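Enquirer: Enclosed is the structure file structure-v3.txt (compact mmCIF, C-alpha atoms and all ligand atoms).
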```
# COMPACT_ATOMS: atom_id res chain seq x y z
CA MET A 1 73.32 73.57 -90.90
CA ASP A 2 72.87 72.45 -94.50
CA TYR A 3 69.24 72.00 -95.55
CA ASP A 4 70.10 70.55 -98.98
CA ASP A 5 69.38 66.99 -97.84
CA PHE A 6 66.22 68.14 -96.13
CA SER A 7 64.66 69.88 -99.10
CA ASP A 8 62.70 66.80 -100.30
CA LEU A 9 61.11 66.22 -96.93
CA TYR A 10 60.62 69.85 -95.86
CA ASP A 11 57.46 70.72 -97.78
CA HIS A 12 55.80 67.42 -96.86
CA GLN A 13 56.41 68.22 -93.23
CA TYR A 14 55.72 71.94 -93.03
CA ASP A 15 53.80 73.19 -96.06
CA LEU A 16 50.56 73.02 -94.10
CA TYR A 17 51.98 74.97 -91.16
CA ARG A 18 50.06 78.25 -91.29
CA ASP A 19 50.07 79.63 -87.72
CA ASP A 20 52.54 82.40 -88.57
CA LEU A 21 51.41 83.44 -92.06
CA HIS A 22 48.83 86.11 -91.26
CA PHE A 23 51.05 87.68 -88.61
CA TYR A 24 53.93 88.18 -91.08
CA ALA A 25 51.54 89.22 -93.88
CA GLY A 26 50.00 91.83 -91.56
CA LEU A 27 53.43 93.32 -90.85
CA ALA A 28 54.24 93.37 -94.57
CA GLU A 29 50.98 95.20 -95.33
CA ARG A 30 51.80 97.91 -92.77
CA MET A 31 55.43 98.49 -93.82
CA PRO A 32 56.34 100.27 -97.04
CA GLY A 33 59.04 98.94 -99.37
CA ARG A 34 60.59 95.53 -99.97
CA VAL A 35 60.61 92.83 -97.33
CA LEU A 36 63.67 90.67 -96.61
CA GLU A 37 63.10 87.16 -95.29
CA ILE A 38 66.09 85.51 -93.61
CA GLY A 39 66.18 81.70 -93.99
CA ALA A 40 63.40 81.69 -96.58
CA GLY A 41 63.62 77.93 -97.16
CA THR A 42 61.24 76.65 -99.83
CA GLY A 43 59.30 79.93 -99.88
CA ARG A 44 56.40 78.93 -97.62
CA VAL A 45 56.17 82.44 -96.10
CA THR A 46 57.76 84.25 -99.06
CA ALA A 47 55.03 83.04 -101.44
CA PHE A 48 52.22 83.82 -98.99
CA LEU A 49 53.43 87.43 -98.70
CA ALA A 50 53.97 87.76 -102.45
CA ARG A 51 50.42 86.52 -103.13
CA ARG A 52 49.22 89.47 -101.02
CA GLY A 53 51.21 91.97 -103.03
CA ALA A 54 54.41 92.26 -100.95
CA GLN A 55 57.74 92.47 -102.73
CA VAL A 56 59.93 89.96 -100.93
CA THR A 57 63.57 89.00 -101.19
CA GLY A 58 64.29 85.59 -99.70
CA LEU A 59 67.77 84.99 -98.31
CA GLU A 60 68.58 81.28 -98.07
CA PRO A 61 71.87 79.35 -97.87
CA SER A 62 70.65 76.04 -99.31
CA ALA A 63 70.68 75.83 -103.11
CA ARG A 64 68.20 72.97 -103.07
CA MET A 65 65.75 74.82 -100.81
CA ILE A 66 65.96 77.78 -103.23
CA GLY A 67 65.35 75.37 -106.12
CA ARG A 68 62.15 74.20 -104.42
CA ALA A 69 61.11 77.80 -103.75
CA ARG A 70 61.59 78.66 -107.43
CA GLU A 71 59.50 75.64 -108.46
CA ARG A 72 56.78 76.91 -106.12
CA ALA A 73 56.99 80.39 -107.67
CA ARG A 74 56.66 78.90 -111.19
CA ARG A 75 53.72 76.71 -110.12
CA GLU A 76 51.91 79.65 -108.56
CA GLY A 77 52.86 82.25 -111.19
CA LEU A 78 54.63 84.40 -108.64
CA THR A 79 57.72 86.56 -109.00
CA LEU A 80 59.98 85.74 -106.09
CA ASP A 81 63.50 87.00 -105.63
CA PHE A 82 65.97 84.66 -103.91
CA VAL A 83 69.53 85.37 -102.86
CA GLN A 84 71.81 82.54 -101.79
CA GLY A 85 73.65 83.44 -98.60
CA ASP A 86 73.61 83.23 -94.82
CA ALA A 87 72.48 85.70 -92.20
CA ALA A 88 75.97 86.73 -91.07
CA GLY A 89 77.56 87.05 -94.50
CA PHE A 90 74.98 88.49 -96.89
CA ALA A 91 75.59 91.98 -98.25
CA LEU A 92 72.86 93.75 -100.20
CA THR A 93 72.90 97.39 -101.24
CA GLU A 94 69.20 97.78 -100.40
CA ARG A 95 67.88 98.67 -96.92
CA PHE A 96 64.59 97.06 -95.89
CA GLY A 97 61.63 98.47 -93.99
CA LEU A 98 60.80 94.96 -92.76
CA ILE A 99 63.11 92.02 -92.13
CA LEU A 100 61.65 88.67 -91.04
CA ALA A 101 63.17 85.43 -89.79
CA PRO A 102 60.17 83.09 -89.51
CA PHE A 103 59.87 79.59 -88.08
CA ASN A 104 63.02 79.24 -85.97
CA ALA A 105 65.43 80.32 -88.72
CA LEU A 106 67.72 81.93 -86.10
CA MET A 107 68.11 78.52 -84.42
CA HIS A 108 70.77 77.73 -87.02
CA LEU A 109 73.15 80.22 -85.41
CA TYR A 110 75.01 78.06 -82.93
CA THR A 111 77.45 80.26 -81.00
CA PRO A 112 77.16 83.75 -79.50
CA ALA A 113 79.69 84.95 -82.09
CA GLU A 114 77.54 83.61 -84.96
CA GLN A 115 74.39 85.04 -83.42
CA LEU A 116 75.89 88.50 -82.93
CA ALA A 117 77.45 88.58 -86.41
CA ALA A 118 74.09 87.67 -87.97
CA LEU A 119 72.02 90.08 -85.88
CA ARG A 120 74.45 92.96 -86.52
CA ASN A 121 74.30 92.25 -90.23
CA ILE A 122 70.51 92.18 -90.14
CA ARG A 123 70.54 95.46 -88.21
CA ALA A 124 72.80 96.99 -90.88
CA HIS A 125 70.26 96.04 -93.59
CA LEU A 126 67.30 97.62 -91.78
CA ALA A 127 66.07 100.96 -93.15
CA PRO A 128 65.64 103.83 -90.64
CA GLY A 129 62.42 103.17 -88.69
CA GLY A 130 62.28 99.59 -90.01
CA THR A 131 61.12 96.51 -88.09
CA PHE A 132 62.81 93.17 -87.52
CA ALA A 133 60.41 90.35 -86.55
CA PHE A 134 61.02 86.66 -85.91
CA ASP A 135 59.74 83.72 -83.94
CA LEU A 136 61.38 80.94 -81.96
CA TYR A 137 59.82 77.95 -80.27
CA VAL A 138 59.71 77.95 -76.50
CA PRO A 139 62.25 75.34 -75.33
CA ARG A 140 60.23 72.33 -74.22
CA PHE A 141 61.24 68.84 -75.26
CA GLY A 142 59.74 65.40 -75.65
CA VAL A 143 61.27 62.26 -74.15
CA PRO A 144 64.89 62.19 -75.37
CA GLY A 145 66.42 59.05 -76.86
CA THR A 146 63.03 57.51 -77.74
CA LEU A 147 62.16 56.70 -81.34
CA ARG A 148 58.79 58.34 -82.09
CA HIS A 149 56.26 58.60 -84.90
CA GLU A 150 54.38 61.89 -84.59
CA GLY A 151 51.76 61.20 -87.24
CA GLU A 152 53.87 62.22 -90.22
CA THR A 153 52.85 59.93 -93.09
CA PHE A 154 52.79 61.12 -96.70
CA TYR A 155 51.53 59.48 -99.90
CA ALA A 156 53.19 60.18 -103.26
CA PRO A 157 51.09 60.30 -106.47
CA ASP A 158 52.42 56.81 -107.41
CA GLY A 159 51.06 55.42 -104.13
CA ALA A 160 54.40 55.21 -102.30
CA ARG A 161 53.98 55.81 -98.60
CA THR A 162 56.55 57.62 -96.44
CA ASP A 163 56.55 57.39 -92.65
CA VAL A 164 58.76 59.77 -90.71
CA PHE A 165 60.23 58.60 -87.41
CA LEU A 166 62.39 60.74 -85.18
CA VAL A 167 64.62 60.53 -82.17
CA GLN A 168 65.96 63.57 -80.28
CA ARG A 169 69.08 64.28 -78.22
CA HIS A 170 69.16 67.24 -75.90
CA ASP A 171 72.46 68.89 -74.96
CA PRO A 172 71.50 71.39 -72.20
CA PRO A 173 74.96 72.96 -71.60
CA ARG A 174 75.14 73.97 -75.25
CA GLN A 175 71.39 74.64 -75.63
CA LEU A 176 71.30 72.26 -78.57
CA LEU A 177 68.51 69.96 -79.69
CA THR A 178 69.45 67.39 -82.32
CA THR A 179 66.71 65.52 -84.17
CA GLU A 180 67.49 62.45 -86.25
CA TYR A 181 64.79 61.85 -88.85
CA PHE A 182 64.23 58.50 -90.54
CA ALA A 183 62.00 58.73 -93.60
CA ASP A 184 60.92 55.20 -94.56
CA THR A 185 59.33 54.91 -97.98
CA THR A 186 57.37 51.83 -99.05
CA THR A 187 56.51 51.52 -102.75
CA PRO A 188 53.19 49.98 -103.87
CA GLN A 189 55.30 46.87 -104.71
CA GLY A 190 56.44 46.67 -101.09
CA GLN A 191 60.05 47.80 -101.52
CA LEU A 192 61.27 49.65 -98.45
CA SER A 193 64.01 52.33 -98.45
CA ARG A 194 65.19 54.60 -95.66
CA ARG A 195 66.59 58.16 -95.76
CA HIS A 196 68.25 59.66 -92.73
CA TYR A 197 68.58 63.37 -91.89
CA THR A 198 70.05 65.16 -88.89
CA LEU A 199 68.83 68.59 -87.78
CA THR A 200 70.50 70.50 -84.94
CA GLN A 201 68.87 73.59 -83.50
CA ARG A 202 70.32 76.04 -81.01
CA TYR A 203 67.32 77.02 -78.89
CA TYR A 204 66.99 80.35 -77.06
CA THR A 205 65.50 81.56 -73.85
CA ARG A 206 63.40 84.70 -73.91
CA PHE A 207 65.70 87.03 -71.95
CA GLU A 208 68.84 85.73 -73.65
CA THR A 209 67.23 86.74 -76.94
CA GLU A 210 66.32 90.17 -75.62
CA TRP A 211 69.93 90.81 -74.52
CA LEU A 212 71.33 89.50 -77.79
CA LEU A 213 69.14 91.95 -79.67
CA ARG A 214 70.30 94.81 -77.46
CA CYS A 215 73.97 93.83 -77.98
CA ALA A 216 73.43 93.84 -81.75
CA GLY A 217 72.04 97.39 -81.83
CA PHE A 218 68.30 96.75 -81.59
CA ALA A 219 65.84 98.37 -79.20
CA ALA A 220 64.16 96.37 -76.40
CA PRO A 221 61.80 94.10 -78.33
CA ARG A 222 58.07 93.57 -78.02
CA VAL A 223 57.71 89.89 -77.11
CA THR A 224 54.46 87.96 -77.36
CA GLY A 225 53.60 84.35 -76.63
CA SER A 226 51.61 83.75 -79.80
CA PHE A 227 51.13 85.21 -83.27
CA GLN A 228 47.87 86.76 -82.08
CA GLY A 229 49.62 88.72 -79.29
CA GLY A 230 49.43 88.37 -75.50
CA PRO A 231 52.25 87.68 -73.06
CA VAL A 232 54.59 84.71 -72.99
CA THR A 233 53.06 82.30 -70.48
CA GLU A 234 53.75 78.77 -69.28
CA SER A 235 51.57 77.39 -72.06
CA SER A 236 53.10 79.45 -74.91
CA GLU A 237 54.61 77.38 -77.69
CA VAL A 238 56.29 80.26 -79.50
CA MET A 239 58.00 83.53 -78.64
CA VAL A 240 57.40 86.25 -81.22
CA PHE A 241 59.82 89.19 -81.25
CA GLN A 242 59.42 92.59 -82.93
CA THR A 243 62.07 95.25 -82.66
CA GLN A 244 63.54 98.34 -84.32
CA GLY A 245 67.00 99.83 -84.41
CA GLU A 246 68.09 101.27 -81.04
CA GLY A 247 67.35 104.99 -80.73
CA GLU A 248 64.79 105.11 -83.56
C1 LIG B 1 63.02 75.97 -90.31
S1 LIG B 1 63.54 76.53 -91.88
C2 LIG B 1 62.42 77.91 -92.13
C3 LIG B 1 62.14 78.13 -93.59
C4 LIG B 1 61.06 79.17 -93.91
N1 LIG B 1 61.35 80.46 -93.30
C5 LIG B 1 59.69 78.69 -93.42
O1 LIG B 1 59.14 79.37 -92.55
O2 LIG B 1 59.19 77.68 -93.89
C6 LIG B 1 65.05 77.35 -91.52
C7 LIG B 1 65.77 77.86 -92.76
O3 LIG B 1 66.92 78.62 -92.34
C8 LIG B 1 67.97 78.37 -93.24
N2 LIG B 1 69.26 78.67 -92.59
C9 LIG B 1 70.11 77.80 -91.98
N3 LIG B 1 71.20 78.45 -91.56
C10 LIG B 1 71.04 79.75 -91.90
C11 LIG B 1 71.85 80.92 -91.76
N4 LIG B 1 73.04 80.88 -91.13
N5 LIG B 1 71.38 82.09 -92.26
C12 LIG B 1 70.18 82.14 -92.88
N6 LIG B 1 69.36 81.06 -93.05
C13 LIG B 1 69.79 79.90 -92.55
C14 LIG B 1 67.82 76.90 -93.58
O4 LIG B 1 68.53 76.55 -94.76
C15 LIG B 1 66.31 76.75 -93.67
O5 LIG B 1 65.85 76.91 -94.98
```
Would you encode the structure as structure tokens?
Ligand SMILES: C[S@@+](CC[C@H](N)C(=O)[O-])C[C@H]1O[C@@H](n2cnc3c(N)ncnc32)[C@H](O)[C@@H]1O

Expert:
Amino acid sequence: MDYDDFSDLYDHQYDLYRDDLHFYAGLAERMPGRVLEIGAGTGRVTAFLARRGAQVTGLEPSARMIGRARERARREGLTLDFVQGDAAGFALTERFGLILAPFNALMHLYTPAEQLAALRNIRAHLAPGGTFAFDLYVPRFGVPGTLRHEGETFYAPDGARTDVFLVQRHDPPRQLLTTEYFADTTTPQGQLSRRHYTLTQRYYTRFETEWLLRCAGFAAPRVTGSFQGGPVTESSEVMVFQTQGEGE
């Protein structure tokens, strides 16, 4: 999944998403050493941790997402370290006391082979006694095949207005959810242009994820149904996983 095309829209859509920030910052405060963030995107979490004194390396495949993250770092006077690469293929000499994959980053691993390769690689980069933490949304979908506007409207400094519409396709046998985004921008002069983006996510069930972790050399994870803790229940919107290497 290539986020290059998405990079313009991403911060408009998600920069104000803060549900996860204090959870990941709390882990970073408790763990010594550098933190590795898998799928760091435009640095939303990376910058939040760095502002609190953590030393974070952000791994991210999309050059344009990294470009945005570096702009953010410059704007905020932060020193952020980004490495271009993907979860299965990256190779760093350092071992990390904390590895994070926030905000559904693992949903861009589409087959069991890709998932296992990535998780084994993450495991190999974890320092002895280190923690791997990530979150995934609980699979629950809106009406498929219906064009929707979910309140996403942004105004640029020049007054241009962008409305985001989306339509989703669900492929249950493959556990895939594809979202087509249409970003319609109207200039103050009334000129309308449309950009189109496609995002496919491979969603996970809770116990599938637990077994995947075990297969990749991790211990049975602690799973909560929110960033504040508590069990996964029918009303949970996220599943939050924390694990260590097996046998540690
Ligand atoms: C939903 S965004 C999350 C970004 C950031 N962590 C945040 O919380 O805002 C998912 C990110 O994962 C990245 N990604 C996609 N495939 C990946 C892979 N195979 N390995 C690592 N990251 C990947 C995307 O480029 C994207 O930036």

Enquirer: Collect all residues with atoms no farther than 9 Å from ligand LIG 1 (chain B), counting only C-alpha atoms and all ligand atoms, and output them as a PyMOL selection string.

Expert: chain A and resi 1-4+6-7+10-11+14-15+17+20-21+37-46+58-63+65-66+85-90+100-110+114-115+118

Enquirer: Record the distance separating atom CA of Leu27 of chain A and atom CA of Arg52 of chain A, expressed in Å with one decimal.

Expert: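 If I compute the distance from atom CA of Leu27 of chain A to atom CA of Arg52 of chain A, I get 11.7 Å.
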
Enquirer: Using all atoms listed in the file, can you tell me which of A:Ala183, A:Ala113, A:Val240, A:Leu213 comes closest to Glu152 of chain A?

Expert: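 Nearest candidate to Glu152 of chain A out of A:Ala183, A:Ala113, A:Val240, A:Leu213: A:Ala183.
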
Enquirer: Could you list, as a PDB file with C-alpha atoms, in the frame of the given file, every residue within 10 Å of Gly97 of chain A, counting all atoms listed in the file and ignoring same-chain residues fewer than 2 positions away?

Expert:
```pdb
ATOM      1  CA  ALA A  28      54.240  93.370 -94.570  1.00  0.00           C
ATOM      2  CA  ARG A  30      51.800  97.910 -92.770  1.00  0.00           C
ATOM      3  CA  MET A  31      55.430  98.490 -93.820  1.00  0.00           C
ATOM      4  CA  PRO A  32      56.340 100.270 -97.040  1.00  0.00           C
ATOM      5  CA  GLY A  33      59.040  98.940 -99.370  1.00  0.00           C
ATOM      6  CA  ARG A  34      60.590  95.530 -99.970  1.00  0.00           C
ATOM      7  CA  VAL A  35      60.610  92.830 -97.330  1.00  0.00           C
ATOM      8  CA  LEU A  36      63.670  90.670 -96.610  1.00  0.00           C
ATOM      9  CA  GLU A  94      69.200  97.780-100.400  1.00  0.00           C
ATOM     10  CA  ARG A  95      67.880  98.670 -96.920  1.00  0.00           C
ATOM     11  CA  ILE A  99      63.110  92.020 -92.130  1.00  0.00           C
ATOM     12  CA  HIS A 125      70.260  96.040 -93.590  1.00  0.00           C
ATOM     13  CA  LEU A 126      67.300  97.620 -91.780  1.00  0.00           C
ATOM     14  CA  ALA A 127      66.070 100.960 -93.150  1.00  0.00           C
ATOM     15  CA  PRO A 128      65.640 103.830 -90.640  1.00  0.00           C
ATOM     16  CA  GLY A 129      62.420 103.170 -88.690  1.00  0.00           C
ATOM     17  CA  GLY A 130      62.280  99.590 -90.010  1.00  0.00           C
ATOM     18  CA  THR A 131      61.120  96.510 -88.090  1.00  0.00           C
ATOM     19  CA  PHE A 132      62.810  93.170 -87.520  1.00  0.00           C
ATOM     20  CA  GLN A 244      63.540  98.340 -84.320  1.00  0.00           C
TER      21      GLN A 244
END
```

Enquirer: Here's a test: counting only C-alpha atoms, identify every protein, DNA and RNA residue with an atom at most 6 Å from (56.5, 79.4, -83.9) in the file's coordinate frame, and state them as a PDB file with C-alpha atoms, in the coordinates of the input.

Expert:
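Okay, point-v9.pdb is ready:
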```pdb
ATOM      1  CA  PHE A 103      59.870  79.590 -88.080  1.00  0.00           C
ATOM      2  CA  ASP A 135      59.740  83.720 -83.940  1.00  0.00           C
ATOM      3  CA  LEU A 136      61.380  80.940 -81.960  1.00  0.00           C
ATOM      4  CA  TYR A 137      59.820  77.950 -80.270  1.00  0.00           C
ATOM      5  CA  VAL A 238      56.290  80.260 -79.500  1.00  0.00           C
TER       6      VAL A 238
END
```

Enquirer: Mind giving me the straight-line distance from atom CA of Gly151 of chain A to atom CA of Gly229 of chain A in Å, one decimal?

Expert: 28.7 Å

Enquirer: Got a sec: who's within 10 Å of Gly190 of chain A, counting all atoms listed in the file, leaving out chain neighbours fewer than 5 positions off, as an MDAnalysis selection string?

Expert: chainID A and resid 160:161 185

Enquirer: Which of these residues is nearest to Val164 of chain A, using all atoms listed in the file: A:Gln13, A:Thr224, A:Gln201, A:Gln55?

Expert: A:Gln13

Enquirer: Rounded to one decimal place, report the atom CA of Val232 of chain A-atom CA of Arg18 of chain A distance in Å.

Expert: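 Those two atoms sit 19.9 Å apart.
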
Enquirer: From the options A:Val56, A:Leu166, A:Ala69, A:Leu212, which residue's atoms come nearest to Thr198 of chain A, counting all atoms listed in the file?

Expert: A:Leu166

Enquirer: Using only C-alpha atoms for the distances, tell me which of A:Val223, A:Leu199, A:Ala216, A:Leu16 is nearest to Leu116 of chain A.

Expert: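 When distances to Leu116 of chain A are compared using only C-alpha atoms, the smallest one comes from A:Ala216.
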
Enquirer: Do a neighbour search on Glu246 of chain A at 10 Å with only C-alpha atoms, toss out local chain neighbours closer than 6 positions, and write the hits as a list in words.

Expert: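 That gives Arg123, Gly129, Leu213, Arg214, Cys215, Ala216, Gly217, Phe218, Ala219, Ala220 and Pro221 of chain A.
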
Enquirer: Could you check which of A:Phe165, A:Phe154, A:Phe23, A:Tyr203 is closest to Thr178 of chain A, using all atoms listed in the file?

Expert: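 Closest residue, counting all atoms listed in the file: A:Tyr203.
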